[in-house]
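Shown next: run-v8.cif, given as mmCIF, C-alpha atoms and all ligand atoms; chains and numbers go by the auth columns.
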data_work
#
loop_
_atom_site.group_PDB
_atom_site.id
_atom_site.type_symbol
_atom_site.label_atom_id
_atom_site.label_comp_id
_atom_site.label_asym_id
_atom_site.label_seq_id
_atom_site.Cartn_x
_atom_site.Cartn_y
_atom_site.Cartn_z
_atom_site.B_iso_or_equiv
_atom_site.auth_seq_id
_atom_site.auth_asym_id
ATOM 1 C CA MET A 1 107.025 80.690 88.733 0.00 1 A
ATOM 2 C CA ALA A 2 105.535 79.697 92.043 0.00 2 A
ATOM 3 C CA LYS A 3 108.396 81.428 93.862 0.00 3 A
ATOM 4 C CA GLU A 4 107.783 84.717 92.058 0.00 4 A
ATOM 5 C CA ARG A 5 104.237 84.710 93.254 0.00 5 A
ATOM 6 C CA ILE A 6 105.331 84.244 96.880 0.00 6 A
ATOM 7 C CA VAL A 7 107.758 87.185 96.678 0.00 7 A
ATOM 8 C CA ARG A 8 105.034 89.429 95.318 0.00 8 A
ATOM 9 C CA THR A 9 102.756 88.573 98.238 0.00 9 A
ATOM 10 C CA ILE A 10 105.469 89.527 100.726 0.00 10 A
ATOM 11 C CA ILE A 11 105.890 92.948 99.095 0.00 11 A
ATOM 12 C CA GLU A 12 102.176 93.651 99.283 0.00 12 A
ATOM 13 C CA THR A 13 102.123 92.719 102.964 0.00 13 A
ATOM 14 C CA HIS A 14 105.004 95.102 103.639 0.00 14 A
ATOM 15 C CA GLU A 15 103.105 97.994 102.054 0.00 15 A
ATOM 16 C CA GLU A 16 100.092 97.237 104.166 0.00 16 A
ATOM 17 C CA ILE A 17 102.173 97.396 107.362 0.00 17 A
ATOM 18 C CA ARG A 18 103.444 100.850 106.402 0.00 18 A
ATOM 19 C CA ILE A 19 99.908 102.091 105.832 0.00 19 A
ATOM 20 C CA ARG A 20 98.760 100.746 109.175 0.00 20 A
ATOM 21 C CA ARG A 21 101.113 103.133 110.967 0.00 21 A
ATOM 22 C CA MET A 22 99.426 106.122 109.400 0.00 22 A
ATOM 23 C CA THR A 23 96.525 107.963 110.966 0.00 23 A
ATOM 24 C CA GLY A 24 94.076 110.431 109.542 0.00 24 A
ATOM 25 C CA PRO A 25 93.578 110.754 105.801 0.00 25 A
ATOM 26 C CA VAL A 26 95.129 107.866 103.947 0.00 26 A
ATOM 27 C CA GLY A 27 96.541 108.002 100.450 0.00 27 A
ATOM 28 C CA CYS A 28 96.093 104.859 98.411 0.00 28 A
ATOM 29 C CA PRO A 29 99.367 102.884 98.176 0.00 29 A
ATOM 30 C CA ALA A 30 98.362 101.661 94.739 0.00 30 A
ATOM 31 C CA CYS A 31 97.220 104.840 92.995 0.00 31 A
ATOM 32 C CA GLY A 32 97.836 107.687 95.480 0.00 32 A
ATOM 33 C CA ARG A 33 94.251 108.853 95.653 0.00 33 A
ATOM 34 C CA MET A 34 92.660 109.776 98.948 0.00 34 A
ATOM 35 C CA MET A 35 90.803 106.871 100.464 0.00 35 A
ATOM 36 C CA ALA A 36 87.398 106.926 102.131 0.00 36 A
ATOM 37 C CA SER A 37 85.381 104.697 104.398 0.00 37 A
ATOM 38 C CA PRO A 38 83.352 102.024 102.588 0.00 38 A
ATOM 39 C CA GLU A 39 80.195 103.857 103.664 0.00 39 A
ATOM 40 C CA ALA A 40 81.362 107.169 102.212 0.00 40 A
ATOM 41 C CA LEU A 41 82.509 105.571 98.969 0.00 41 A
ATOM 42 C CA ALA A 42 79.221 103.693 98.641 0.00 42 A
ATOM 43 C CA GLN A 43 77.298 106.942 99.063 0.00 43 A
ATOM 44 C CA ARG A 44 79.468 108.796 96.569 0.00 44 A
ATOM 45 C CA LEU A 45 79.095 106.098 93.922 0.00 45 A
ATOM 46 C CA GLY A 46 75.454 105.321 94.613 0.00 46 A
ATOM 47 C CA LEU A 47 76.229 101.765 95.709 0.00 47 A
ATOM 48 C CA THR A 48 75.334 99.759 98.785 0.00 48 A
ATOM 49 C CA VAL A 49 78.099 99.193 101.347 0.00 49 A
ATOM 50 C CA ARG A 50 77.742 95.494 100.631 0.00 50 A
ATOM 51 C CA GLU A 51 78.415 96.101 96.939 0.00 51 A
ATOM 52 C CA VAL A 52 81.536 98.097 97.834 0.00 52 A
ATOM 53 C CA PHE A 53 82.892 95.154 99.859 0.00 53 A
ATOM 54 C CA ARG A 54 82.010 92.803 97.023 0.00 54 A
ATOM 55 C CA ARG A 55 84.065 94.923 94.631 0.00 55 A
ATOM 56 C CA ILE A 56 86.955 95.043 97.109 0.00 56 A
ATOM 57 C CA GLU A 57 86.969 91.247 97.164 0.00 57 A
ATOM 58 C CA ARG A 58 86.920 91.173 93.361 0.00 58 A
ATOM 59 C CA GLY A 59 89.900 93.541 93.338 0.00 59 A
ATOM 60 C CA GLU A 60 87.948 96.338 91.696 0.00 60 A
ATOM 61 C CA PHE A 61 88.572 98.756 94.582 0.00 61 A
ATOM 62 C CA HIS A 62 91.836 99.285 96.454 0.00 62 A
ATOM 63 C CA CYS A 63 91.596 98.635 100.171 0.00 63 A
ATOM 64 C CA VAL A 64 93.753 99.052 103.303 0.00 64 A
ATOM 65 C CA GLU A 65 93.047 98.165 106.911 0.00 65 A
ATOM 66 C CA LEU A 66 93.595 100.730 109.665 0.00 66 A
ATOM 67 C CA PRO A 67 95.022 100.070 113.162 0.00 67 A
ATOM 68 C CA ASP A 68 91.604 100.670 114.710 0.00 68 A
ATOM 69 C CA GLY A 69 90.122 97.890 112.592 0.00 69 A
ATOM 70 C CA GLY A 70 88.550 100.274 110.115 0.00 70 A
ATOM 71 C CA VAL A 71 88.905 99.969 106.393 0.00 71 A
ATOM 72 C CA ARG A 72 89.702 102.619 103.812 0.00 72 A
ATOM 73 C CA VAL A 73 88.886 102.107 100.186 0.00 73 A
ATOM 74 C CA CYS A 74 89.458 104.033 96.995 0.00 74 A
ATOM 75 C CA ASP A 75 87.838 103.745 93.606 0.00 75 A
ATOM 76 C CA GLY A 76 91.138 104.251 91.804 0.00 76 A
ATOM 77 C CA ALA A 77 90.952 100.705 90.469 0.00 77 A
ATOM 78 C CA MET A 78 87.793 101.555 88.613 0.00 78 A
ATOM 79 C CA PRO A 79 88.254 102.388 84.932 0.00 79 A
ATOM 80 C CA GLU A 80 88.150 106.106 84.294 0.00 80 A
ATOM 81 C CA LYS A 81 85.318 107.521 82.255 0.00 81 A
ATOM 82 C CA PRO A 82 86.600 107.608 78.668 0.00 82 A
ATOM 83 C CA GLU A 83 85.723 111.259 78.215 0.00 83 A
ATOM 84 C CA ASP A 84 87.810 113.142 75.731 0.00 84 A
ATOM 85 C CA VAL A 85 87.376 116.935 75.815 0.00 85 A
ATOM 86 C CA ARG A 86 88.379 117.310 72.165 0.00 86 A
ATOM 87 C CA LYS A 87 85.596 115.074 70.867 0.00 87 A
HETATM 88 ZN ZN ZN B . 93.736 103.271 94.806 0.00 1 B
#
Kindly present the structure from the file in structure tokens form.
Ligand SMILES: [Zn+2]
Amino acid sequence: MAKERIVRTIIETHEEIRIRRMTGPVGCPACGRMMASPEALAQRLGLTVREVFRRIERGEFHCVELPDGGVRVCDGAMPEKPEDVRK
């Protein structure tokens, strides 16, 4: 069981390396949505930047690091609003 966990970590690292080579708009490797800066996402969701980083650490937001040291996040990990048009 412990070995499986190690393999999974290696795969995630590999994905991150691929993303780091990209420039410009970044698609989320986890859900494919466009990613934004933490500041932009905070503004869009009405959160503080600090709260955005807190949610990244909790795994509630997807996050990738850019070659320039910047970070891109997406809110794809957030549960969708359970709105059903037919109701
Ligand atoms: Zn995502």
Requested in this report: May I have the residues within 7 Å of Cys74 (chain A) as a list in words, using all atoms listed in the file and disregarding those fewer than 6 positions away in the same chain?
Outcome: Cys28, Arg33, Met34, Met35, Ala36, Phe61, His62 and Cys63 of chain A
Requested in this report: May I have the residues within 12 Å of Gly59 (chain A) as a ChimeraX atom specification, using all atoms listed in the file and disregarding those fewer than 5 positions away in the same chain?
Outcome: /A:30,52-54,73-78
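Pairwise distance (CA of Cys31 (chain A), CA of Val49 (chain A)) equals 21.6 Å.
Within 8 Å of Ser37 (chain A), once only C-alpha atoms are used and residues closer than 5 positions along the same chain are dropped, the contacting residues are Gly70, Val71, Arg72 and Val73 of chain A.
Take CA of Arg50 (chain A) and CA of Pro29 (chain A): the distance between them is 23.0 Å.
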Query raised in the report: CA of Gly46 (chain A) to CA of Pro67 (chain A): how many Å, to one decimal?
Result: 27.5 Å
Requested in this report: May I ask which of the residues A:Arg58, A:Ala42, A:Val64, A:Glu51 is the closest one to ligand ZN 1 (chain B), counting all atoms listed in the file?
Outcome: A:Val64
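With distances restricted to only C-alpha atoms and all ligand atoms, A:Val26 is the closest residue to ligand ZN 1 (chain B) from A:Leu45, A:Ala40, A:Leu66, A:Val26.
If you measure from each of A:Thr48, A:Gln43, A:Glu60, A:Arg55 to ligand ZN 1 (chain B) using all atoms listed in the file, the closest one turns out to be A:Glu60.
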Requested in this report: Choose the residue, out of A:Leu47, A:Glu39, A:Ile56, A:Asp68, that has the smallest atom-to-atom separation from ligand ZN 1 (chain B); count all atoms listed in the file.
Outcome: A:Ile56
What are the centre and the three edge lengths of an axis-aligned box that wraps all atoms of region 52-63 of chain A in the file, given that 3 Å is added to every side, written as lines of an AutoDock Vina configuration file and rounded to one decimal in Å?
center_x = 86.7
center_y = 95.2
center_z = 95.9
size_x = 16.3
size_y = 14.1
size_z = 14.5
